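**Q** Take a look at this one; I'll ask things after.
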Amino acid sequence: MGFAHNNVLHQNHFRKDWQTRVRTWFDQPGRKLRRRQARKAKAASLGVRPLTLLRPAVRAQTVRYNRKVREGRGFTLAELKEAGIGKKEARGVGIVVDHRRRNLSEEGKAVNVERLKVYKERLIVFPRNAKKPKKGDSTGEALTAETTRVNLALPDSFVHEAPRQITEEEREFKAYRTLRTERAFARHEGQRKVREAKKAEEEANKKK
């Protein structure tokens, strides 16, 4: 509160030994060393496996950030199917699967399918028993090939296209009207099916 009228002035005593309550950060070098040792221990326990799991390349949310490409939660079932990888097999070779995610564009789907195919080409699966390799295990020269633990880099966020002339068909195409028409078509699809079924039933009754 401020001062008003002819009241007694406050006589606050701000002597509360703040030196004992201040937050210090003198353990920062020790934490740095501990994190580094933990990373080395984790890398040693993983053997020749990649340090991180493979995740899809997705666009960030909202118009403000959608020009940025980042790692998503997991690959869709459609992307795995097109790349020729089973959903149970994917989890065993370090590929994260997200059954809830949906592909909203052919371009984004193609990027992740290509990402999976490149990963599959580089993948070396060491058999548990070298004398009895199972289906999907690497054999022959692949087992002696040079391995790398570096994960695949994310693709470039900008797709560069060479300049060209706009065609007459593109000039006349109305994108907004097409989208609205398709949305309306999908919205009324259920009612249209009901009407068609009712009409077919009436025609069948007339024939009788």
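Residues in the structure tokens are numbered from 1 in each chain, the chains being A, B, ... in the order shown, and ligands are numbered from 1 in the order shown.
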Need the shell around range 103-117 of chain A: protein/DNA/RNA residues with any atom at most 8 Å away, counting only C-alpha atoms. Skip same-chain ones fewer than 5 positions apart. Format as an mmCIF file with N, CA and C atoms, in the first residue's frame?
**A**
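New file selection_3.cif:
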```cif
data_model
loop_
_atom_site.group_PDB
_atom_site.id
_atom_site.type_symbol
_atom_site.label_atom_id
_atom_site.label_comp_id
_atom_site.auth_asym_id
_atom_site.auth_seq_id
_atom_site.Cartn_x
_atom_site.Cartn_y
_atom_site.Cartn_z
ATOM 1 N N PRO A 56 10.202 -39.720 -37.225
ATOM 2 C CA PRO A 56 9.885 -39.102 -38.522
ATOM 3 C C PRO A 56 10.204 -37.611 -38.544
ATOM 4 N N ALA A 57 10.291 -37.086 -39.745
ATOM 5 C CA ALA A 57 10.458 -35.640 -39.938
ATOM 6 C C ALA A 57 9.075 -35.034 -40.138
ATOM 7 N N VAL A 58 8.685 -34.119 -39.265
ATOM 8 C CA VAL A 58 7.359 -33.506 -39.343
ATOM 9 C C VAL A 58 7.499 -31.987 -39.294
ATOM 10 N N PHE A 75 6.481 -42.929 -36.553
ATOM 11 C CA PHE A 75 6.045 -43.127 -37.933
ATOM 12 C C PHE A 75 4.626 -43.684 -37.961
ATOM 13 N N THR A 76 3.887 -43.338 -39.009
ATOM 14 C CA THR A 76 2.525 -43.844 -39.169
ATOM 15 C C THR A 76 2.576 -45.271 -39.722
ATOM 16 N N ALA A 78 0.899 -46.305 -42.256
ATOM 17 C CA ALA A 78 0.938 -46.214 -43.716
ATOM 18 C C ALA A 78 2.369 -46.041 -44.213
ATOM 19 N N GLU A 79 3.167 -45.230 -43.518
ATOM 20 C CA GLU A 79 4.566 -45.030 -43.906
ATOM 21 C C GLU A 79 5.362 -46.329 -43.768
ATOM 22 N N LEU A 80 5.122 -47.062 -42.693
ATOM 23 C CA LEU A 80 5.823 -48.328 -42.489
ATOM 24 C C LEU A 80 5.445 -49.343 -43.559
ATOM 25 N N GLU A 82 4.385 -48.776 -46.633
ATOM 26 C CA GLU A 82 4.948 -48.419 -47.942
ATOM 27 C C GLU A 82 6.448 -48.687 -47.994
ATOM 28 N N ALA A 83 7.109 -48.580 -46.836
ATOM 29 C CA ALA A 83 8.550 -48.850 -46.790
ATOM 30 C C ALA A 83 8.853 -50.338 -46.643
ATOM 31 N N LEU A 152 20.045 -40.520 -38.687
ATOM 32 C CA LEU A 152 19.803 -39.800 -39.937
ATOM 33 C C LEU A 152 19.478 -38.341 -39.653
#
```
**Q** Just list the residues in chain A DSSP gives strand (DSSP E or B) on the backbone, as a list in words.
**A** Leu54, Ala57, Val58, Arg59, Val69, Arg70, Glu71, Phe75, Ile95 and Val97 of chain A
**Q** With C-alpha atoms retained, write the just-selected residues as an mmCIF file, in the first residue's frame.
**A**
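File written: out_17.cif
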```cif
data_model
loop_
_atom_site.group_PDB
_atom_site.id
_atom_site.type_symbol
_atom_site.label_atom_id
_atom_site.label_comp_id
_atom_site.auth_asym_id
_atom_site.auth_seq_id
_atom_site.Cartn_x
_atom_site.Cartn_y
_atom_site.Cartn_z
ATOM 1 C CA LEU A 54 14.627 -43.158 -35.455
ATOM 2 C CA ALA A 57 10.458 -35.640 -39.938
ATOM 3 C CA VAL A 58 7.359 -33.506 -39.343
ATOM 4 C CA ARG A 59 6.394 -29.860 -39.644
ATOM 5 C CA VAL A 69 11.079 -29.306 -39.614
ATOM 6 C CA ARG A 70 11.523 -31.296 -36.405
ATOM 7 C CA GLU A 71 11.414 -34.887 -35.194
ATOM 8 C CA PHE A 75 6.045 -43.127 -37.933
ATOM 9 C CA ILE A 95 12.027 -47.291 -35.211
ATOM 10 C CA VAL A 97 5.719 -46.148 -34.264
#
```
**Q** Assign secondary structure with DSSP using the backbone only, and return the residues of range 4-187 of chain A in alpha helix (DSSP H) as a PyMOL selection string.
**A** chain A and resi 28-46+62-65+77-83+87-92+106-122+168-172+175-187
**Q** Go through A:Val22, A:Leu53, A:Lys135, A:Gly72 and flag the residue nearest Asp98 in chain A, using only C-alpha atoms for the distances.
**A**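 Looking at the shortest contact to Asp98 in chain A, the residue is A:Gly72.
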